[in-house]
Amino acid sequence: MSYLDRQGQGGLSSWIFSTDHKRVSLLYLTLMTVFFWVAVGIGIAMRLKHLSGSDFLISARTYNALFTVHGVIMVFLFVIPGLPAVFGNFFLPVLIGAKDVSFPRLNLLSWWLFLTGACLALLSLFTGPGAPDTGWTFYVPFSLRTGTNVSLAVFAAFVLGFSSILTGINFITTVHRMRCEGMTWHRMPLFVWAIYSTGWIQVLATPIIGITLLLVILERAFGIGVFDPARGGDPVLYQHLFWIYSHPAVYIMIVPAMGAITEIIPTFARRCIFGYKAIAYSSLAIAGLGSLVWAHHMFTSGMADLANIIFSLLTFLVAVPSAIKVFNWTATLYKGSTDMQPAMLYALTFVFLFAIGGLTGVMQGALGLNVHLHDTYWIVGHFHYVMFGGTGFAFFAALLYWFPKMFGRQYDPKPAYAAWVLMFLGFNMLYGSFMVLGYMGMPRRYFAHLPQFHSLHLAATIGSWALVSGLAVLFGNFLIALKRGAPAESNPWGGKTLEWTLPSPPAAENFHTPPVVTEAPYSYNPKARA
Amino acid sequence: MSYILPQASSVSLSIDRFFLGSLALCLAFLLLVTFFIVYLSIRYSRTRNPHPEDIEGNAALEVVWTVVPTALFLVMFYYGWTDFRTLRNPPPDALTVQVTARQWSWSFEYPNGKRTGDLYAALGRPMRLELRSMDVIHGFYIPAFRIKIDVVPGRTAEAWFLPRLLGDFDILCSVICGTDHSAMLSKVRVLPEDEFKRWYFSDEAAPPRAKKAGERKEDRGGVLLQDKGCLACHSLDGSTMVGPTFKGLYKSDAAFLKREILEPSAFIADGYPAVMPPSEVSGEEADAMVDHLKTLR
């Protein structure tokens, strides 16, 4: 009996109080999909605003709330929980041959905290003086002065932070304590390495944003004077504290995505991963170096020149481990036997779009150029290439890869290819236009744009329509497969990792008898190696 | 890059050169990786190559593709740093102008006490800016000059430029600062040096050429409305912005309007927020502004 059928009636309470890591995973997936679409809708609304200069329906104040809410939802409710909460929860225990995560009840508590934080975030939109209008970064002193619902929104992010920390603790412990017999560190699938590295960032960095956001609330309520220059506080201190978390958070968002890609490519190339250790340790290197580059978000803030120089240098260095991964993924195709299933196509698209995001990130890491590009549409384009082209496409690739295992049903590949065409064209039209706009000097977070920017705004808006149509086809296809998809085989792609030894969908506690691992995770052709 | 954005300051040439150089390098990287992904997945597709091989890695390759990008990145870091050094070190003979940022306008004050809402600069003469904010963080950004600096309240920010093209260039706010963030615009107007000097040592509020070229009003009151930042929140054409429009505002009560300009908090019009900052307007300037309002029927 599969995890989906157990507990007979399968009513709501058998889900929202379930400690089964697979059910918790689907709880996250459901909630995150809803929020993803809300934020996509807000994004489309913002693009529509730039079609004309009128403030029909969307006023300047509304627009400022829209980009704030779009950012808060996408960052805190979709991309940060992202792959760890959904695929980490589902596959981390399975990939290391465990029955569940180390602390199943803590895992359920994490989801409840996530739900609470999400409800608080929604509450901040519709109650009191209305949605915050500061941008998702909540920079002081504007976030202290604005009359909008900043305190509640910030408190929501604070609660969501706890969910993230507890998930991190849970995954780290699971990797240390729950590996099955024979699952040595160097036999762990690379998705596990990625989730493990991410866990450390979550545990070490998230408390800092927690305390920072609390200080913002205290500053607003009692005027304690830590950040407010009118009371002797320092706004740049806030930026440091904010980015000490929020830059590592970028790696919380992207490292698990890289991990998923590293599972998908060997499966469809039907050969072992090229450079296992290079990929595994580059995840740790990103987690380490990534904690030391935060102030590259602040090159124009007026901090000391020496600090600018050091942070620029470290920024160039943190790009190296990501480049190493890209080269190893590419080399994995050499002498493989590639089957271009949708999951593989999306995974390779991830490599392409992430490379653009990474390389533009390297360019803007240069101090002189950064001064021109900072706070423009270039930056908006850059981080959408990383967060959407990177994490987003990896999320879709992972869903295409693991969907049959998770739900026991197979989807039709044709709509997934059609969705790819729409999304790939729309994506590059939208965010490619953003990058050119940024170089032309279009600042971000602008309700109204100057006339010289109009034609590219128009191109971006048209691109957004193609992109959202592709998304609709992709998700619609999944919904149809959930209802009417053919039963999935246990190993539809010919994968070698442990999840493919289980039936689709897996049983409640995964393995009837604990597995014993005797070889490296991706040994497709052991004879050729000998 | 001049076809998408004028290279109007000395530093813009070297910033653009760096941009194009690093863009070429990054595109080469991207094309290399993309070429191999496409080529290898076709050459070693399931149909062409049904019998794959496990190749676990290659230490020499790992070293090559670690060392080569690191070296190239360090070169990029170096050139980025040299541009930055230039941006941070104004020449000693630069004319220093005080810049005040407030929600949602810029104002400029010259060493001889001249105050303007647009920034006037002389071609080929360096200008140094000392920037202060009266309220929240603003970002002083002149894309055509490739300069930007955050104006953080409680601190004095510094920037400089040397104009190399005549003309008007946008000044934008780059840090979200509230409802009218995207309307916090001004211009830097680059004049020939002799024309700049003639204006600078005259009693004129704006240079004659700028008056003709720009949409400047002929009378002093109109210029003041622009220069004091009033028009950031009050429209001239009847449309509603943060504050009530100036069009038709004058209804035979000049004394009331003058008091409103000098003491904004004394009376707040229905339906508008009480956000107008205390003015830095003299009584005589307020009279000129009211005279201009009389003309806006």
# chains A, B, ... in the order shown; residues from 1 in each chain; ligands from 1

$ residues_around --residues "A:Tyr346" --least-positions-apart "4" --cutoff "8 Å" --atoms "only C-alpha atoms" --output "list in words"
Pro342, Phe350, Phe393, Ala394, Phe396, Ala397 and Trp420 of chain A

$ residues_around --residues "A:Leu122" --least-positions-apart "5" --cutoff "10 Å" --atoms "only C-alpha atoms" --output "PyMOL selection string"
chain A and resi 69+73+116-117+127+131+152-153+156

$ write_last_selection --atoms "N, CA and C atoms" --output "PDB file, in the first residue's frame"
ATOM      1  N   VAL A  69       5.283  42.728  -2.629  1.00  0.00           N
ATOM      2  CA  VAL A  69       4.607  41.467  -2.345  1.00  0.00           C
ATOM      3  C   VAL A  69       5.111  40.370  -3.297  1.00  0.00           C
ATOM      4  N   ILE A  73       6.747  37.073  -1.576  1.00  0.00           N
ATOM      5  CA  ILE A  73       6.166  35.746  -1.807  1.00  0.00           C
ATOM      6  C   ILE A  73       7.164  34.854  -2.548  1.00  0.00           C
ATOM      7  N   THR A 116       1.842  29.159   9.048  1.00  0.00           N
ATOM      8  CA  THR A 116       1.577  30.329   9.887  1.00  0.00           C
ATOM      9  C   THR A 116       2.205  31.576   9.270  1.00  0.00           C
ATOM     10  N   GLY A 117       3.463  31.456   8.862  1.00  0.00           N
ATOM     11  CA  GLY A 117       4.151  32.596   8.255  1.00  0.00           C
ATOM     12  C   GLY A 117       3.438  33.051   6.993  1.00  0.00           C
ATOM     13  N   THR A 127      -4.937  43.816   5.782  1.00  0.00           N
ATOM     14  CA  THR A 127      -5.392  44.437   7.015  1.00  0.00           C
ATOM     15  C   THR A 127      -4.685  45.759   7.218  1.00  0.00           C
ATOM     16  N   ALA A 131      -0.619  46.754   2.223  1.00  0.00           N
ATOM     17  CA  ALA A 131       0.603  46.004   1.934  1.00  0.00           C
ATOM     18  C   ALA A 131       1.843  46.897   1.982  1.00  0.00           C
ATOM     19  N   LEU A 152       4.039  43.659  10.363  1.00  0.00           N
ATOM     20  CA  LEU A 152       3.421  42.338  10.237  1.00  0.00           C
ATOM     21  C   LEU A 152       4.123  41.511   9.149  1.00  0.00           C
ATOM     22  N   ALA A 153       4.449  42.142   8.032  1.00  0.00           N
ATOM     23  CA  ALA A 153       5.110  41.421   6.946  1.00  0.00           C
ATOM     24  C   ALA A 153       6.478  40.918   7.398  1.00  0.00           C
ATOM     25  N   ALA A 156       6.113  38.001   9.616  1.00  0.00           N
ATOM     26  CA  ALA A 156       5.851  36.788   8.825  1.00  0.00           C
ATOM     27  C   ALA A 156       7.167  36.178   8.352  1.00  0.00           C
TER      28      ALA A 156
END

$ residues_around --residues "B:Gly117" --least-positions-apart "6" --cutoff "12 Å" --atoms "only C-alpha atoms" --output "number ranges by chain"
B: 98-101, 104-110, 171, 184-189, 205-206, 216, 222-232

$ residues_around --residues "B:Val38" --least-positions-apart "6" --cutoff "12 Å" --atoms "only C-alpha atoms" --output "list in words"
Thr330, Ala331, Leu333, Tyr334, Thr338, Met340, Leu345, Leu348, Thr349, Val351 and Phe352 of chain A; Leu31, Leu32, Tyr44 and Ser45 of chain B

$ write_last_selection --atoms "N, CA and C atoms" --output "compact mmCIF listing (two decimals), in the first residue's frame"
# COMPACT_ATOMS: atom_id res chain seq x y z
N THR A 330 28.63 19.46 -18.08
CA THR A 330 28.82 19.36 -19.52
C THR A 330 29.63 18.11 -19.87
N ALA A 331 30.70 17.87 -19.11
CA ALA A 331 31.56 16.73 -19.40
C ALA A 331 30.84 15.41 -19.19
N LEU A 333 28.11 14.61 -20.33
CA LEU A 333 27.46 14.20 -21.58
C LEU A 333 28.43 13.44 -22.50
N TYR A 334 29.74 13.57 -22.24
CA TYR A 334 30.75 12.95 -23.10
C TYR A 334 30.70 11.43 -22.98
N THR A 338 22.56 9.91 -24.42
CA THR A 338 21.57 10.87 -23.93
C THR A 338 20.18 10.65 -24.51
N MET A 340 16.78 12.60 -24.59
CA MET A 340 16.32 13.97 -24.30
C MET A 340 14.87 13.99 -23.85
N LEU A 345 15.80 17.92 -20.84
CA LEU A 345 15.79 19.18 -21.56
C LEU A 345 15.74 20.36 -20.60
N LEU A 348 19.15 20.73 -18.78
CA LEU A 348 20.20 21.36 -19.58
C LEU A 348 19.89 22.84 -19.81
N THR A 349 18.57 23.17 -19.89
CA THR A 349 18.19 24.58 -19.99
C THR A 349 18.59 25.32 -18.72
N VAL A 351 21.20 24.71 -17.00
CA VAL A 351 22.64 24.99 -17.09
C VAL A 351 22.87 26.25 -17.93
N PHE A 352 22.16 26.36 -19.05
CA PHE A 352 22.31 27.52 -19.93
C PHE A 352 21.88 28.81 -19.23
N LEU B 31 29.10 30.54 -24.91
CA LEU B 31 29.01 29.85 -26.20
C LEU B 31 29.78 28.54 -26.16
N LEU B 32 30.92 28.54 -25.49
CA LEU B 32 31.71 27.32 -25.36
C LEU B 32 30.89 26.22 -24.67
N TYR B 44 26.33 12.10 -28.75
CA TYR B 44 26.17 10.93 -27.88
C TYR B 44 24.71 10.74 -27.49
N SER B 45 23.81 10.87 -28.45
CA SER B 45 22.40 10.61 -28.16
C SER B 45 22.18 9.11 -28.04

$ residues_around --residues "stretch 227-238 of chain A" --least-positions-apart "5" --cutoff "12 Å" --atoms "only C-alpha atoms" --output "JSON, numbers by chain"
{"A": [137, 138, 139, 140, 141, 142, 143, 144, 145, 208, 209, 211, 212, 213, 214, 215, 216, 217, 218, 219, 220, 222, 243, 244, 245, 246, 295, 297, 298, 299, 300, 301, 302, 303, 304], "B": [133, 134, 135, 136, 137, 138, 150, 151, 152, 153, 154, 155]}

$ residues_around --residues "A:Ser312" --least-positions-apart "3" --cutoff "6 Å" --atoms "only C-alpha atoms" --output "ChimeraX atom specification"
/A:309,315,365

$ atom_distance --atom1 "atom CA of A:Phe114" --atom2 "atom CA of A:Leu77"
8.1 Å

$ residues_around --residues "A:Gly88" --least-positions-apart "2" --cutoff "9 Å" --atoms "only C-alpha atoms" --output "ChimeraX atom specification"
/A:25,83-86,90-93,171,191-192,195,256

$ write_last_selection --atoms "N, CA, C and O atoms" --output "short mmCIF file (atom, residue, chain, number, x, y, z; two decimals), in the first residue's frame"
data_model
loop_
_atom_site.label_atom_id
_atom_site.label_comp_id
_atom_site.auth_asym_id
_atom_site.auth_seq_id
_atom_site.Cartn_x
_atom_site.Cartn_y
_atom_site.Cartn_z
N SER A 25 6.11 16.60 2.29
CA SER A 25 6.61 17.14 1.02
C SER A 25 5.46 17.63 0.15
O SER A 25 5.51 18.73 -0.42
N LEU A 83 13.34 23.73 -3.42
CA LEU A 83 13.64 22.32 -3.61
C LEU A 83 13.85 21.56 -2.31
O LEU A 83 13.42 20.41 -2.21
N PRO A 84 14.48 22.14 -1.26
CA PRO A 84 14.63 21.36 -0.03
C PRO A 84 13.29 20.93 0.55
O PRO A 84 13.11 19.76 0.91
N ALA A 85 12.32 21.86 0.65
CA ALA A 85 11.08 21.52 1.33
C ALA A 85 10.29 20.47 0.56
O ALA A 85 9.67 19.59 1.15
N VAL A 86 10.32 20.53 -0.76
CA VAL A 86 9.54 19.57 -1.55
C VAL A 86 10.36 18.31 -1.84
O VAL A 86 10.06 17.22 -1.37
N PHE A 90 11.03 14.76 0.33
CA PHE A 90 10.58 13.50 -0.25
C PHE A 90 11.75 12.55 -0.46
O PHE A 90 11.69 11.36 -0.10
N PHE A 91 12.87 13.07 -1.03
CA PHE A 91 13.89 12.14 -1.53
C PHE A 91 15.14 12.03 -0.68
O PHE A 91 15.89 11.08 -0.83
N LEU A 92 15.38 13.01 0.21
CA LEU A 92 16.58 12.88 1.04
C LEU A 92 16.60 11.57 1.82
O LEU A 92 17.56 10.79 1.70
N PRO A 93 15.53 11.24 2.57
CA PRO A 93 15.55 9.96 3.28
C PRO A 93 15.65 8.77 2.31
O PRO A 93 16.41 7.83 2.57
N PHE A 171 17.59 18.08 8.33
CA PHE A 171 18.28 17.45 7.20
C PHE A 171 19.74 17.13 7.55
O PHE A 171 20.26 16.07 7.20
N PHE A 191 22.59 15.06 -4.84
CA PHE A 191 21.47 15.86 -4.32
C PHE A 191 21.54 15.90 -2.79
O PHE A 191 21.27 16.93 -2.17
N VAL A 192 21.96 14.79 -2.20
CA VAL A 192 22.09 14.73 -0.74
C VAL A 192 23.20 15.69 -0.27
O VAL A 192 23.02 16.43 0.70
N ILE A 195 21.75 19.20 -0.43
CA ILE A 195 20.81 19.50 0.64
C ILE A 195 21.55 19.64 1.97
O ILE A 195 21.23 20.50 2.81
N PRO A 256 20.46 23.54 -3.76
CA PRO A 256 19.63 22.34 -3.94
C PRO A 256 19.22 22.15 -5.41
O PRO A 256 19.10 21.02 -5.88
#

$ select_by_dssp --residues "stretch 133-302 of chain A" --states "helix (DSSP H, G or I)" --output "MDAnalysis selection string"
chainID A and resid 142:145 150:177 185:187 190:222 229:231 235:269 276:292 294:297

$ atom_distance --atom1 "atom CA of B:Ser12" --atom2 "atom CA of A:Leu313"
22.5 Å

$ interface_residues --of "chain A" --to "chain B" --cutoff "7 Å" --atoms "only C-alpha atoms" --output "compact mmCIF listing (two decimals) with N, CA, C and O atoms, in the first residue's frame"
# COMPACT_ATOMS: atom_id res chain seq x y z
N ALA A 60 0.65 54.53 -8.27
CA ALA A 60 2.05 54.40 -7.85
C ALA A 60 2.15 53.63 -6.53
O ALA A 60 2.99 52.76 -6.35
N ARG A 61 1.23 53.95 -5.62
CA ARG A 61 1.27 53.28 -4.32
C ARG A 61 1.00 51.78 -4.47
O ARG A 61 1.66 50.95 -3.87
N THR A 134 8.00 48.80 0.46
CA THR A 134 9.42 49.13 0.63
C THR A 134 10.33 48.31 -0.27
O THR A 134 11.53 48.51 -0.26
N PRO A 141 15.93 53.91 6.46
CA PRO A 141 14.81 54.28 7.35
C PRO A 141 13.45 54.34 6.65
O PRO A 141 12.47 54.58 7.32
N PHE A 142 13.39 54.05 5.33
CA PHE A 142 12.07 54.11 4.69
C PHE A 142 11.10 53.13 5.35
O PHE A 142 9.94 53.44 5.59
N PRO A 229 18.67 56.93 11.68
CA PRO A 229 19.70 57.96 11.82
C PRO A 229 19.22 59.15 12.66
O PRO A 229 20.02 59.81 13.30
N ARG A 270 22.83 8.23 -18.98
CA ARG A 270 23.09 6.83 -18.68
C ARG A 270 24.60 6.55 -18.49
O ARG A 270 25.17 5.64 -19.06
N ARG A 271 25.21 7.38 -17.71
CA ARG A 271 26.60 7.13 -17.34
C ARG A 271 26.85 7.82 -16.00
O ARG A 271 26.01 8.59 -15.51
N CYS A 272 28.01 7.56 -15.40
CA CYS A 272 28.26 8.13 -14.08
C CYS A 272 28.55 9.62 -14.21
O CYS A 272 28.89 10.11 -15.29
N ILE A 273 28.37 10.36 -13.11
CA ILE A 273 28.65 11.80 -13.13
C ILE A 273 30.15 12.00 -13.30
O ILE A 273 30.95 11.21 -12.81
N PHE A 274 30.50 13.04 -14.04
CA PHE A 274 31.90 13.38 -14.22
C PHE A 274 32.33 14.25 -13.04
O PHE A 274 31.70 15.27 -12.76
N GLY A 275 33.38 13.84 -12.32
CA GLY A 275 33.90 14.67 -11.23
C GLY A 275 33.01 14.71 -10.00
O GLY A 275 32.65 15.77 -9.52
N THR A 300 27.48 50.78 -3.58
CA THR A 300 27.22 52.22 -3.68
C THR A 300 26.73 52.80 -2.36
O THR A 300 26.29 53.95 -2.31
N SER A 301 26.77 52.00 -1.27
CA SER A 301 26.16 52.47 -0.01
C SER A 301 27.03 53.48 0.70
O SER A 301 26.60 54.11 1.65
N GLY A 302 28.27 53.63 0.28
CA GLY A 302 29.16 54.57 0.96
C GLY A 302 30.01 53.92 2.04
O GLY A 302 30.62 54.61 2.84
N ILE A 309 36.64 46.68 -1.87
CA ILE A 309 37.63 45.92 -2.63
C ILE A 309 37.65 44.46 -2.20
O ILE A 309 37.63 43.55 -3.02
N SER A 312 34.52 42.65 -3.36
CA SER A 312 34.54 42.41 -4.81
C SER A 312 35.42 41.21 -5.14
O SER A 312 35.05 40.33 -5.91
N LEU A 313 36.59 41.16 -4.51
CA LEU A 313 37.52 40.04 -4.76
C LEU A 313 36.87 38.70 -4.40
O LEU A 313 36.89 37.74 -5.17
N PHE A 316 34.31 37.47 -6.91
CA PHE A 316 34.85 36.77 -8.08
C PHE A 316 35.22 35.33 -7.73
O PHE A 316 35.02 34.42 -8.52
N LEU A 317 35.74 35.14 -6.50
CA LEU A 317 36.15 33.78 -6.13
C LEU A 317 34.96 32.84 -5.96
O LEU A 317 35.05 31.65 -6.29
N VAL A 320 33.84 30.66 -8.84
CA VAL A 320 34.63 29.53 -9.34
C VAL A 320 33.96 28.17 -9.09
O VAL A 320 33.83 27.37 -10.02
N ILE A 324 32.91 25.35 -11.89
CA ILE A 324 33.36 23.95 -11.86
C ILE A 324 32.18 23.01 -12.07
O ILE A 324 32.27 22.04 -12.83
N THR A 330 28.63 19.46 -18.08
CA THR A 330 28.82 19.36 -19.52
C THR A 330 29.63 18.11 -19.87
O THR A 330 29.29 17.36 -20.79
N LEU A 333 28.11 14.61 -20.33
CA LEU A 333 27.46 14.20 -21.58
C LEU A 333 28.43 13.44 -22.50
O LEU A 333 28.00 12.74 -23.42
N TYR A 334 29.74 13.57 -22.24
CA TYR A 334 30.75 12.95 -23.10
C TYR A 334 30.70 11.43 -22.98
O TYR A 334 30.75 10.87 -21.88
N LYS A 335 30.57 10.78 -24.11
CA LYS A 335 30.46 9.32 -24.18
C LYS A 335 29.29 8.77 -23.35
O LYS A 335 29.34 7.65 -22.85
N GLY A 336 28.27 9.61 -23.17
CA GLY A 336 27.05 9.12 -22.55
C GLY A 336 26.13 8.56 -23.62
O GLY A 336 26.56 8.28 -24.75
N SER A 337 24.86 8.39 -23.25
CA SER A 337 23.87 7.90 -24.22
C SER A 337 22.59 8.67 -23.92
O SER A 337 21.68 8.17 -23.27
N THR A 338 22.56 9.91 -24.42
CA THR A 338 21.57 10.87 -23.93
C THR A 338 20.18 10.65 -24.51
O THR A 338 20.00 10.56 -25.72
N ASP A 339 19.20 10.53 -23.60
CA ASP A 339 17.79 10.46 -23.97
C ASP A 339 17.16 11.79 -23.59
O ASP A 339 17.06 12.10 -22.41
N PHE A 352 22.16 26.36 -19.05
CA PHE A 352 22.31 27.52 -19.93
C PHE A 352 21.88 28.81 -19.23
O PHE A 352 22.62 29.79 -19.19
N ALA A 355 24.01 29.73 -16.30
CA ALA A 355 25.31 30.26 -16.74
C ALA A 355 25.18 31.74 -17.07
O ALA A 355 26.05 32.54 -16.70
N LEU A 359 27.27 34.43 -15.05
CA LEU A 359 28.26 35.28 -15.73
C LEU A 359 27.92 36.76 -15.60
O LEU A 359 28.80 37.59 -15.39
N MET A 363 30.13 39.83 -13.92
CA MET A 363 30.37 41.16 -14.50
C MET A 363 30.03 42.26 -13.51
O MET A 363 30.80 43.21 -13.32
N ALA A 366 32.35 43.45 -10.58
CA ALA A 366 33.45 44.40 -10.78
C ALA A 366 33.01 45.77 -10.26
O ALA A 366 31.94 46.26 -10.62
N LEU A 367 33.84 46.38 -9.42
CA LEU A 367 33.40 47.57 -8.68
C LEU A 367 32.96 48.71 -9.59
O LEU A 367 31.89 49.29 -9.40
N GLY A 368 33.80 49.07 -10.57
CA GLY A 368 33.50 50.24 -11.39
C GLY A 368 32.21 50.07 -12.16
O GLY A 368 31.36 50.97 -12.21
N LEU A 369 32.03 48.90 -12.77
CA LEU A 369 30.82 48.64 -13.55
C LEU A 369 29.60 48.54 -12.64
O LEU A 369 28.50 48.97 -12.99
N VAL A 371 28.83 50.19 -10.09
CA VAL A 371 28.28 51.51 -9.75
C VAL A 371 27.20 51.89 -10.77
O VAL A 371 26.14 52.41 -10.41
N HIS A 372 27.46 51.62 -12.05
CA HIS A 372 26.46 51.94 -13.07
C HIS A 372 25.26 50.99 -13.03
O HIS A 372 24.12 51.40 -13.23
N ASP A 375 21.04 48.59 -8.72
CA ASP A 375 19.67 49.12 -8.62
C ASP A 375 19.02 49.45 -9.96
O ASP A 375 18.11 50.28 -10.02
N MET A 440 20.90 50.72 -20.14
CA MET A 440 20.48 52.05 -20.60
C MET A 440 20.17 52.99 -19.44
O MET A 440 19.94 54.18 -19.66
N GLY A 441 20.10 52.44 -18.22
CA GLY A 441 19.91 53.29 -17.06
C GLY A 441 18.51 53.28 -16.48
O GLY A 441 18.14 54.19 -15.74
N PRO A 443 16.14 52.51 -13.77
CA PRO A 443 16.23 52.04 -12.39
C PRO A 443 15.10 51.07 -12.06
O PRO A 443 14.04 51.11 -12.68
N ARG A 445 12.18 49.25 -9.62
CA ARG A 445 11.11 49.71 -8.72
C ARG A 445 10.53 51.05 -9.15
O ARG A 445 10.18 51.87 -8.33
N TYR A 446 10.44 51.27 -10.48
CA TYR A 446 9.87 52.50 -11.02
C TYR A 446 8.46 52.25 -11.51
O TYR A 446 8.24 51.45 -12.42
N PHE A 447 7.53 52.99 -10.92
CA PHE A 447 6.13 52.93 -11.35
C PHE A 447 5.99 53.41 -12.79
O PHE A 447 5.34 52.80 -13.62
N ALA A 448 6.64 54.55 -13.11
CA ALA A 448 6.55 55.12 -14.45
C ALA A 448 7.94 55.14 -15.07
O ALA A 448 8.91 55.42 -14.38
N TYR A 524 26.53 3.14 -13.91
CA TYR A 524 25.67 2.58 -14.95
C TYR A 524 26.37 1.48 -15.71
O TYR A 524 25.77 0.53 -16.17
N ASN A 525 27.68 1.64 -15.91
CA ASN A 525 28.41 0.70 -16.76
C ASN A 525 29.66 0.19 -16.04
O ASN A 525 30.77 0.49 -16.45
N ALA A 528 32.62 -1.40 -18.12
CA ALA A 528 33.49 -0.51 -18.87
C ALA A 528 34.56 0.10 -17.97
O ALA A 528 35.66 0.38 -18.40
N ARG A 529 34.18 0.34 -16.71
CA ARG A 529 35.13 0.96 -15.80
C ARG A 529 36.24 -0.01 -15.41
O ARG A 529 37.38 0.38 -15.25

$ select_by_dssp --residues "stretch 15-171 of chain B" --states "strand (DSSP E or B)" --output "VMD selection string"
chain B and resid 45 95 to 102 105 to 109 115 to 116 119 to 122 127 to 133 138 to 142 147 to 151 157 to 161 163 167 to 171

$ atom_distance --atom1 "atom CA of A:Ala481" --atom2 "atom CA of A:Leu31"
19.1 Å

$ closest_residue --among "B:His234, B:Lys114, B:Arg259, B:Arg128" --to "B:Pro278" --atoms "only C-alpha atoms"
B:Arg259

$ closest_residue --among "A:Val468, A:Leu4, A:Val517, A:Leu106" --to "A:Lys496" --atoms "only C-alpha atoms"
A:Val517
